[in-house]
>>> print(open('target06.tsv').read())   # TSV, C-alpha atoms
chain	number	residue	atom	x	y	z
L	175	MET	CA	4.20	-43.97	-18.07
L	176	GLN	CA	3.78	-40.56	-19.53
L	177	SER	CA	1.00	-39.75	-17.10
L	178	THR	CA	2.94	-40.93	-14.03
L	179	ARG	CA	5.81	-38.71	-15.01
L	180	SER	CA	3.52	-35.74	-15.55
L	181	ILE	CA	1.99	-36.28	-12.09
L	182	VAL	CA	5.46	-36.35	-10.57
L	183	ILE	CA	6.35	-33.15	-12.39
L	184	ARG	CA	3.12	-31.53	-11.31
L	185	ARG	CA	3.78	-32.50	-7.68
L	186	PHE	CA	7.25	-31.12	-7.95
L	187	LEU	CA	5.94	-27.82	-9.35
L	188	LEU	CA	3.33	-27.67	-6.60
L	189	ALA	CA	6.03	-28.20	-3.98
L	190	CYS	CA	8.04	-25.37	-5.54
L	191	ALA	CA	5.00	-23.10	-5.53
L	192	CYS	CA	4.41	-23.84	-1.82
L	193	GLY	CA	8.05	-23.22	-1.07
L	194	LEU	CA	7.77	-19.85	-2.78
L	195	ALA	CA	4.62	-18.84	-0.92
L	196	PRO	CA	6.37	-16.88	1.86
L	197	ILE	CA	8.31	-14.86	-0.73
L	198	ALA	CA	5.13	-14.17	-2.70
L	199	SER	CA	3.30	-12.94	0.40
L	200	TRP	CA	6.28	-10.80	1.36
L	201	ALA	CA	6.07	-9.16	-2.06
L	202	ASN	CA	2.43	-8.38	-1.28
L	203	ASP	CA	3.49	-5.93	1.40
L	204	ILE	CA	2.49	-2.59	0.04
L	205	ALA	CA	2.82	-0.23	2.96
L	206	GLN	CA	3.87	0.16	6.57
L	207	PHE	CA	2.49	1.92	9.60
L	208	LYS	CA	4.74	4.85	10.51
L	209	VAL	CA	2.41	6.25	13.14
L	210	ALA	CA	0.00	4.34	15.41
L	211	LYS	CA	-1.49	6.13	18.43
L	212	GLY	CA	-4.16	4.77	20.77
L	213	SER	CA	-6.35	1.95	19.53
L	214	VAL	CA	-5.48	0.91	15.96
L	215	TYR	CA	-6.04	-2.46	14.37
L	216	LEU	CA	-6.21	-4.25	11.04
L	217	GLU	CA	-8.90	-6.52	9.67
L	218	ARG	CA	-7.36	-9.11	7.38
L	219	SER	CA	-9.33	-12.09	6.02
L	220	GLY	CA	-11.87	-11.77	8.83
L	221	GLN	CA	-9.20	-11.63	11.53
L	222	ARG	CA	-8.44	-8.69	13.77
L	223	LEU	CA	-4.73	-7.94	14.12
L	224	PRO	CA	-3.05	-5.27	16.22
L	225	ALA	CA	-1.34	-2.52	14.21
L	226	ARG	CA	1.85	-0.93	15.47
L	227	VAL	CA	4.60	1.22	14.05
L	228	GLY	CA	6.39	-1.03	11.53
L	229	THR	CA	3.40	-3.33	10.86
L	230	HIS	CA	3.13	-4.19	7.15
L	231	LEU	CA	-0.11	-3.76	5.23
L	232	GLN	CA	-1.45	-5.85	2.38
L	233	ALA	CA	-3.90	-4.92	-0.38
L	234	THR	CA	-7.46	-5.60	0.91
L	235	ASP	CA	-6.58	-4.86	4.56
L	236	ILE	CA	-8.99	-2.67	6.51
L	237	VAL	CA	-7.57	-0.18	9.03
L	238	VAL	CA	-9.74	0.71	12.03
L	239	THR	CA	-9.16	3.30	14.76
L	240	GLY	CA	-10.97	3.67	18.08
L	241	ALA	CA	-12.10	6.87	19.79
L	242	ASP	CA	-8.52	7.57	20.95
L	243	GLY	CA	-6.82	6.21	17.81
L	244	SER	CA	-5.00	7.65	14.81
L	245	ALA	CA	-2.64	6.11	12.29
L	246	GLY	CA	-0.25	7.10	9.52
L	247	ILE	CA	0.71	4.77	6.67
L	248	ALA	CA	3.44	5.12	4.01
L	249	PHE	CA	2.94	3.14	0.78
L	250	VAL	CA	5.78	1.90	-1.42
L	251	ASP	CA	4.94	4.48	-4.14
L	252	ASN	CA	5.38	7.19	-1.45
L	253	SER	CA	1.65	7.84	-1.06
L	254	LEU	CA	0.94	8.85	2.55
L	255	LEU	CA	-2.43	8.18	4.15
L	256	SER	CA	-3.40	9.00	7.71
L	257	ILE	CA	-6.66	8.64	9.60
L	258	GLY	CA	-8.07	10.22	12.74
L	259	PRO	CA	-10.21	8.69	15.51
L	260	ASN	CA	-13.30	6.50	14.87
L	261	SER	CA	-12.27	5.82	11.30
L	262	VAL	CA	-12.53	2.83	8.98
L	263	LEU	CA	-10.33	2.80	5.90
L	264	ALA	CA	-10.43	-0.15	3.50
L	265	ILE	CA	-7.58	-0.63	1.05
L	266	GLU	CA	-9.46	-2.16	-1.88
L	267	ARG	CA	-6.80	-2.33	-4.55
L	268	TYR	CA	-3.11	-1.53	-4.68
L	269	ALA	CA	-0.79	-2.25	-7.57
L	270	PHE	CA	2.46	-0.42	-8.34
L	271	ASN	CA	5.01	-1.11	-11.05
L	272	SER	CA	8.20	0.43	-9.68
L	273	THR	CA	9.79	0.53	-13.16
L	274	THR	CA	7.00	2.29	-15.10
L	275	HIS	CA	5.16	3.83	-12.10
L	276	GLU	CA	1.90	2.50	-13.52
L	277	GLY	CA	-0.52	1.20	-10.98
L	278	ALA	CA	-3.88	1.42	-9.26
L	279	PHE	CA	-4.74	2.60	-5.79
L	280	GLU	CA	-8.33	2.41	-4.60
L	281	SER	CA	-9.36	2.90	-1.01
L	282	SER	CA	-12.63	3.46	0.76
L	283	LEU	CA	-13.18	5.69	3.78
L	284	ARG	CA	-16.26	4.08	5.33
L	285	LYS	CA	-16.31	6.60	8.16
L	286	GLY	CA	-14.08	9.07	9.94
L	287	THR	CA	-11.34	11.36	8.69
L	288	LEU	CA	-8.57	10.81	6.16
L	289	SER	CA	-5.61	12.87	5.03
L	290	VAL	CA	-3.93	11.99	1.72
L	291	VAL	CA	-0.62	12.99	0.15
L	292	SER	CA	-0.61	11.24	-3.22
L	293	GLY	CA	2.50	9.50	-4.52
L	294	LYS	CA	4.01	8.12	-7.72
L	295	ILE	CA	0.91	6.20	-8.85
L	296	ALA	CA	-1.25	9.36	-9.08
L	297	LYS	CA	1.61	11.34	-10.59
L	298	GLN	CA	2.10	8.83	-13.42
L	299	SER	CA	-1.55	8.20	-14.31
L	300	PRO	CA	-4.16	10.84	-13.40
L	301	ASP	CA	-7.01	8.35	-13.01
L	302	ALA	CA	-5.15	5.59	-11.21
L	303	MET	CA	-5.95	6.76	-7.67
L	304	LYS	CA	-9.47	6.80	-6.28
L	305	VAL	CA	-10.88	7.33	-2.82
L	306	LYS	CA	-14.47	6.25	-2.18
L	307	THR	CA	-16.87	7.15	0.60
L	308	PRO	CA	-20.40	5.80	1.09
L	309	SER	CA	-21.76	8.78	-0.88
L	310	SER	CA	-19.03	9.85	-3.32
L	311	ILE	CA	-16.03	8.87	-5.41
L	312	LEU	CA	-12.94	11.07	-5.53
L	313	GLY	CA	-10.71	11.01	-8.59
L	314	VAL	CA	-7.25	12.10	-7.50
L	315	ARG	CA	-4.92	14.01	-9.80
L	316	GLY	CA	-2.65	14.99	-6.93
L	317	THR	CA	-1.71	15.92	-4.42
L	318	GLU	CA	-2.87	16.78	-0.88
L	319	PHE	CA	-6.42	16.63	0.38
L	320	LEU	CA	-8.67	15.73	3.28
L	321	VAL	CA	-11.84	13.64	3.45
L	322	HIS	CA	-14.45	13.40	6.18
L	323	SER	CA	-17.16	10.80	5.85
L	324	GLY	CA	-20.29	10.39	7.93
L	325	ASP	CA	-22.32	12.26	10.58
N	8	MET	CA	-42.79	-7.75	-6.88
N	9	HIS	CA	-39.35	-7.10	-8.24
N	10	ARG	CA	-40.28	-3.57	-9.14
N	11	HIS	CA	-41.52	-2.94	-5.59
N	12	TYR	CA	-38.27	-4.19	-4.13
N	13	ALA	CA	-36.30	-2.05	-6.53
N	14	ALA	CA	-38.32	1.03	-5.55
N	15	LEU	CA	-37.85	0.25	-1.86
N	16	ILE	CA	-34.12	-0.20	-2.22
N	17	ALA	CA	-33.84	3.02	-4.25
N	18	ALA	CA	-35.77	4.89	-1.56
N	19	LEU	CA	-33.47	3.54	1.15
N	20	VAL	CA	-30.30	4.30	-0.77
N	21	LEU	CA	-31.27	7.74	-2.02
N	22	GLY	CA	-32.58	9.32	1.12
N	23	GLY	CA	-34.48	6.84	3.24
N	24	CYS	CA	-32.02	7.39	6.09
N	25	ALA	CA	-32.93	10.03	8.65
N	26	THR	CA	-29.40	11.50	8.59
N	27	PRO	CA	-27.73	10.59	5.31
N	28	SER	CA	-23.97	10.29	5.31
N	29	GLN	CA	-22.41	13.58	4.29
N	30	ASP	CA	-18.89	14.07	3.14
N	31	LEU	CA	-16.53	16.98	3.30
N	32	VAL	CA	-13.51	17.06	0.98
N	33	VAL	CA	-10.87	19.80	1.23
N	34	LEU	CA	-7.98	20.36	-1.16
N	35	LEU	CA	-4.75	21.50	0.48
N	36	PRO	CA	-1.69	23.23	-0.96
N	37	ASP	CA	1.44	21.09	-0.77
N	38	LYS	CA	4.62	22.14	1.07
N	39	GLU	CA	5.69	24.30	-1.90
N	40	GLY	CA	2.25	25.91	-2.09
N	41	LYS	CA	1.26	24.01	-5.23
N	42	VAL	CA	-2.26	22.66	-5.52
N	43	GLY	CA	-3.39	19.52	-7.34
N	44	THR	CA	-6.85	18.49	-8.48
N	45	VAL	CA	-9.51	16.26	-6.97
N	46	VAL	CA	-12.76	15.46	-8.78
N	47	VAL	CA	-15.61	14.76	-6.35
N	48	GLN	CA	-18.39	12.68	-7.88
N	49	GLY	CA	-21.60	12.44	-5.83
N	50	GLN	CA	-24.70	10.42	-6.67
N	51	LYS	CA	-26.18	13.23	-8.73
N	52	GLY	CA	-23.50	15.81	-9.30
N	53	LYS	CA	-19.80	16.44	-9.38
N	54	THR	CA	-17.34	19.22	-8.76
N	55	VAL	CA	-13.68	19.81	-9.46
N	56	LEU	CA	-11.46	21.11	-6.66
N	57	ASN	CA	-8.32	22.85	-7.89
N	58	THR	CA	-7.63	25.79	-5.59
N	59	ALA	CA	-6.20	25.84	-2.07
N	60	TYR	CA	-8.83	25.08	0.60
N	61	ALA	CA	-11.54	24.54	-2.03
N	62	SER	CA	-14.11	22.23	-0.46
N	63	ALA	CA	-16.88	19.93	-1.59
N	64	ARG	CA	-19.80	18.82	0.55
N	65	THR	CA	-22.23	16.12	-0.48
N	66	THR	CA	-25.84	17.04	0.19
N	67	SER	CA	-28.68	14.82	1.40
N	68	GLU	CA	-30.10	14.93	-2.13
N	69	GLY	CA	-26.93	13.39	-3.56
N	70	GLY	CA	-25.57	16.63	-4.99
N	71	VAL	CA	-22.15	18.16	-4.41
N	72	GLN	CA	-21.76	21.70	-3.10
N	73	ARG	CA	-18.55	23.62	-3.74
N	74	GLY	CA	-17.20	26.04	-1.17
N	75	THR	CA	-14.10	27.09	0.73
N	76	ALA	CA	-13.00	25.62	4.04
N	77	SER	CA	-11.53	27.85	6.72
N	78	GLN	CA	-8.24	26.88	8.31
N	79	SER	CA	-9.95	26.61	11.70
N	80	GLU	CA	-12.51	24.15	10.27
N	81	VAL	CA	-9.66	22.11	8.78
N	82	LYS	CA	-7.97	22.04	12.17
N	83	ASP	CA	-11.18	21.14	14.04
N	84	VAL	CA	-12.28	18.34	11.74
N	85	PHE	CA	-8.95	16.97	10.51
N	86	GLY	CA	-6.45	17.91	13.25
N	87	SER	CA	-5.90	14.31	14.44
N	88	ALA	CA	-5.60	12.87	10.92
N	89	LEU	CA	-3.11	15.60	9.96
N	90	ALA	CA	-1.09	15.06	13.14
N	91	ALA	CA	-0.79	11.35	12.24
N	92	GLN	CA	0.73	12.00	8.80
N	93	PRO	CA	3.97	10.08	8.36
N	94	PRO	CA	7.04	12.24	7.70
N	95	ARG	CA	7.54	13.12	4.03
N	96	PRO	CA	9.76	10.75	2.04
N	97	ILE	CA	13.25	12.13	1.35
N	98	SER	CA	15.52	11.23	-1.58
N	99	PHE	CA	19.30	10.81	-1.63
N	100	THR	CA	21.29	10.42	-4.86
N	101	LEU	CA	24.48	8.38	-5.10
N	102	TYR	CA	27.11	8.14	-7.84
N	103	PHE	CA	29.87	5.62	-8.46
N	104	GLU	CA	33.46	6.42	-9.46
N	105	SER	CA	33.44	5.72	-13.17
N	106	GLY	CA	33.97	2.06	-13.96
N	107	SER	CA	34.12	1.05	-10.30
N	108	ASP	CA	32.05	-0.25	-7.41
N	109	GLU	CA	33.16	2.63	-5.15
N	110	PHE	CA	30.91	5.55	-4.34
N	111	THR	CA	32.34	8.97	-5.18
N	112	GLU	CA	33.71	10.96	-2.22
N	113	GLN	CA	30.59	13.16	-2.25
N	114	SER	CA	28.31	10.13	-2.31
N	115	LYS	CA	30.05	8.66	0.75
N	116	GLN	CA	28.98	11.81	2.63
N	117	GLU	CA	25.48	11.38	1.19
N	118	VAL	CA	25.37	7.82	2.58
N	119	LYS	CA	26.15	9.25	6.04
N	120	ARG	CA	23.25	11.69	5.68
N	121	LEU	CA	21.01	8.79	4.56
N	122	LEU	CA	21.89	6.77	7.67
N	123	ALA	CA	21.29	9.79	9.92
N	124	GLU	CA	17.87	10.35	8.30
N	125	MET	CA	16.95	6.71	8.83
N	126	ALA	CA	17.96	6.96	12.48
N	127	ARG	CA	15.59	9.92	12.90
N	128	ARG	CA	12.58	7.98	11.57
N	129	GLN	CA	10.26	5.39	13.10
N	130	ALA	CA	10.42	2.01	11.32
N	131	PRO	CA	12.10	3.48	8.23
N	132	ASP	CA	12.05	1.58	4.95
N	133	ILE	CA	13.76	2.56	1.72
N	134	THR	CA	13.51	1.99	-2.02
N	135	VAL	CA	16.81	1.91	-3.90
N	136	ILE	CA	16.07	3.10	-7.45
N	137	GLY	CA	18.57	2.64	-10.26
N	138	HIS	CA	18.65	5.07	-13.22
N	139	THR	CA	20.62	4.89	-16.50
N	140	ASP	CA	21.67	7.35	-19.19
N	141	GLN	CA	19.91	7.62	-22.56
N	142	VAL	CA	22.13	5.11	-24.33
N	143	GLY	CA	20.53	1.84	-25.47
N	144	PRO	CA	17.01	0.41	-25.52
N	145	ASP	CA	14.57	0.25	-22.59
N	146	PRO	CA	14.84	-3.46	-21.75
N	147	SER	CA	18.62	-3.44	-21.33
N	148	ASN	CA	18.52	-0.16	-19.37
N	149	ASP	CA	15.78	-1.55	-17.12
N	150	ALA	CA	17.93	-4.58	-16.36
N	151	LEU	CA	21.07	-2.46	-15.87
N	152	SER	CA	19.33	0.00	-13.53
N	153	LEU	CA	17.94	-2.83	-11.42
N	154	GLN	CA	21.40	-4.42	-11.23
N	155	ARG	CA	22.81	-1.12	-9.93
N	156	ALA	CA	20.03	-0.90	-7.37
N	157	GLU	CA	20.67	-4.47	-6.20
N	158	ARG	CA	24.38	-3.71	-5.85
N	159	VAL	CA	23.64	-0.68	-3.69
N	160	LYS	CA	21.18	-2.72	-1.65
N	161	SER	CA	23.91	-5.22	-0.79
N	162	ILE	CA	26.33	-2.40	0.09
N	163	LEU	CA	23.72	-0.80	2.40
N	164	ALA	CA	22.84	-4.18	3.93
N	165	GLY	CA	26.55	-4.59	4.62
N	166	MET	CA	26.46	-1.28	6.50
N	167	GLY	CA	23.80	-2.68	8.81
N	168	ILE	CA	20.50	-1.66	7.21
N	169	PRO	CA	18.26	-4.75	7.49
N	170	ALA	CA	17.77	-6.20	3.98
N	171	GLU	CA	14.02	-6.65	4.55
N	172	ARG	CA	13.72	-2.87	4.92
N	173	ILE	CA	15.21	-2.31	1.45
N	174	LEU	CA	13.16	-2.52	-1.77
N	175	THR	CA	14.85	-2.19	-5.15
N	176	ALA	CA	13.57	-0.74	-8.41
N	177	GLY	CA	15.04	-0.25	-11.88
N	178	ARG	CA	13.64	2.85	-13.53
N	179	GLY	CA	15.82	2.48	-16.63
N	180	ARG	CA	16.12	5.65	-18.72
N	181	ARG	CA	12.65	7.01	-17.90
N	182	GLU	CA	13.66	9.67	-15.39
N	183	PRO	CA	16.88	11.43	-16.43
N	184	LEU	CA	18.18	13.98	-13.93
N	185	ILE	CA	19.68	16.00	-16.81
N	186	PRO	CA	17.56	16.08	-19.97
N	187	ALA	CA	19.61	14.43	-22.73
N	188	ALA	CA	18.97	13.33	-26.30
N	189	ASP	CA	18.66	9.67	-27.22
N	190	GLY	CA	22.08	8.06	-27.33
N	191	VAL	CA	23.78	10.70	-25.15
N	192	SER	CA	25.99	9.28	-22.42
N	193	GLU	CA	25.45	11.65	-19.48
N	194	PRO	CA	27.23	10.48	-16.32
N	195	ARG	CA	24.92	12.47	-14.02
N	196	ASN	CA	22.02	10.32	-15.24
N	197	ARG	CA	23.80	7.08	-14.27
N	198	ARG	CA	22.84	7.23	-10.65
N	199	VAL	CA	21.11	5.48	-7.80
N	200	GLU	CA	18.42	7.28	-5.87
N	201	ILE	CA	17.32	6.23	-2.42
N	202	SER	CA	13.88	7.13	-1.22
N	203	VAL	CA	13.51	7.02	2.57
N	204	ARG	CA	10.06	6.58	4.07
>>> encode(input="target06.tsv", output="structure tokens")
Amino acid sequence: MQSTRSIVIRRFLLACACGLAPIASWANDIAQFKVAKGSVYLERSGQRLPARVGTHLQATDIVVTGADGSAGIAFVDNSLLSIGPNSVLAIERYAFNSTTHEGAFESSLRKGTLSVVSGKIAKQSPDAMKVKTPSSILGVRGTEFLVHSGD
Amino acid sequence: MHRHYAALIAALVLGGCATPSQDLVVLLPDKEGKVGTVVVQGQKGKTVLNTAYASARTTSEGGVQRGTASQSEVKDVFGSALAAQPPRPISFTLYFESGSDEFTEQSKQEVKRLLAEMARRQAPDITVIGHTDQVGPDPSNDALSLQRAERVKSILAGMGIPAERILTAGRGRREPLIPAADGVSEPRNRRVEISVR
């Protein structure tokens, strides 16, 4: 009896969790494209998605531009990242507590050019923001800088 | 065997490539001319950039070379990335008439400026951030500031800003506009700030 009831409860909880899934994924939105020129797309879970002005990003998305592409992204902590042509930028980790401003922001410029204006995460905790390239790691204590990787 | 593989991999990683990837990092002054700090850690060395246009280049040996970038080099290499920067976020601050749900007269004008700013931007989104005074403990101020932010969100949604473009945050008493001692009721600190991106 006990076990039947617990299965029912578990199923009910599972149904609730599924019902909540769209809200949870909405909360995962961490940033939006504000600029998208030429060829710009996102790689998300192995899929290639077009990126346009207004497209939302999620942590672990990879942003790719073609030879004529460039893109500008505003994150919810007010960090601004933009990339030039022939660039690959992987968002590896993004967490932001909007009450305490604690968080973590790690991205990787695999190739191309990147411009960064750091936001509230870097301001609150000096070691919370990192930008990696294939040959170096940048620790960001604010505020504006440029990175070119490759060639 | 294992040692051979390890040596091979090390050789490939540390300089086996004909043209190893080289980075250039340049620190820029912000709009007010202030400069932050970036620490560049290479495979074998590191350097700290903390002056305007200070640059770091990784070398094929894994080291990091410090230098200064010219403005023309910045423009040549980074012109497209810089041109794609989103507009800077702008903040608006709103106050309520004391003990009421109505914005003050001045804040009504500020709401008009907020709407005009949003109209100027591409795909704007906003964070409504509630702040409290220095009276009471953190947890209750956090809850109160979030409540204020949620109230402003519903007012702004009623004015036609799509609700899905509005995030809310409760910053509690952590960021007073006017420095005040613990327990001081300062009305200018009881405010709602709206950050437009």
>>> interface_residues(input="target06.tsv", of="chain L", to="chain N", cutoff="6 Å", atoms="all atoms listed in the file", output="mmCIF file with C-alpha atoms, keeping the file's coordinate frame")
data_model
loop_
_atom_site.group_PDB
_atom_site.id
_atom_site.type_symbol
_atom_site.label_atom_id
_atom_site.label_comp_id
_atom_site.auth_asym_id
_atom_site.auth_seq_id
_atom_site.Cartn_x
_atom_site.Cartn_y
_atom_site.Cartn_z
ATOM 1 C CA LYS L 208 4.740 4.850 10.510
ATOM 2 C CA GLY L 228 6.390 -1.030 11.530
ATOM 3 C CA ALA L 245 -2.640 6.110 12.290
ATOM 4 C CA GLY L 246 -0.250 7.100 9.520
ATOM 5 C CA SER L 256 -3.400 9.000 7.710
ATOM 6 C CA ILE L 257 -6.660 8.640 9.600
ATOM 7 C CA GLY L 258 -8.070 10.220 12.740
ATOM 8 C CA SER L 272 8.200 0.430 -9.680
ATOM 9 C CA THR L 273 9.790 0.530 -13.160
ATOM 10 C CA LEU L 288 -8.570 10.810 6.160
ATOM 11 C CA SER L 289 -5.610 12.870 5.030
ATOM 12 C CA SER L 310 -19.030 9.850 -3.320
ATOM 13 C CA ILE L 311 -16.030 8.870 -5.410
ATOM 14 C CA LEU L 312 -12.940 11.070 -5.530
ATOM 15 C CA GLY L 313 -10.710 11.010 -8.590
ATOM 16 C CA VAL L 314 -7.250 12.100 -7.500
ATOM 17 C CA ARG L 315 -4.920 14.010 -9.800
ATOM 18 C CA GLY L 316 -2.650 14.990 -6.930
ATOM 19 C CA THR L 317 -1.710 15.920 -4.420
ATOM 20 C CA GLU L 318 -2.870 16.780 -0.880
ATOM 21 C CA PHE L 319 -6.420 16.630 0.380
ATOM 22 C CA LEU L 320 -8.670 15.730 3.280
ATOM 23 C CA VAL L 321 -11.840 13.640 3.450
ATOM 24 C CA HIS L 322 -14.450 13.400 6.180
ATOM 25 C CA SER L 323 -17.160 10.800 5.850
ATOM 26 C CA GLY L 324 -20.290 10.390 7.930
ATOM 27 C CA ASP L 325 -22.320 12.260 10.580
#
>>> atom_distance(input="target06.tsv", atom1="CA of Ile162 in chain N", atom2="CA of Phe110 in chain N")
10.2 Å
>>> residues_around(input="target06.tsv", residues="Ser219 in chain L", least_positions_apart="6", cutoff="10 Å", atoms="only C-alpha atoms", output="list in words")
Thr234, Asp235 and Ile236 of chain L
>>> write_last_selection(input="target06.tsv", atoms="C-alpha atoms", output="PDB file, in the coordinates of the input")
ATOM      1  CA  THR L 234      -7.460  -5.600   0.910  1.00  0.00           C
ATOM      2  CA  ASP L 235      -6.580  -4.860   4.560  1.00  0.00           C
ATOM      3  CA  ILE L 236      -8.990  -2.670   6.510  1.00  0.00           C
TER       4      ILE L 236
END
>>> atom_distance(input="target06.tsv", atom1="CA of Leu223 in chain L", atom2="CA of Asn260 in chain L")
16.8 Å
>>> atom_distance(input="target06.tsv", atom1="CA of Arg226 in chain L", atom2="CA of Ser244 in chain L")
11.0 Å
>>> closest_residue(input="target06.tsv", among="L:Gly212, L:Pro300, L:Gly277, L:Gly286", to="Asp251 in chain L", atoms="all atoms listed in the file")
L:Gly277
>>> residues_around(input="target06.tsv", residues="Ala188 in chain N", least_positions_apart="5", cutoff="10 Å", atoms="only C-alpha atoms", output="PyMOL selection string")
chain N and resi 140-142+193
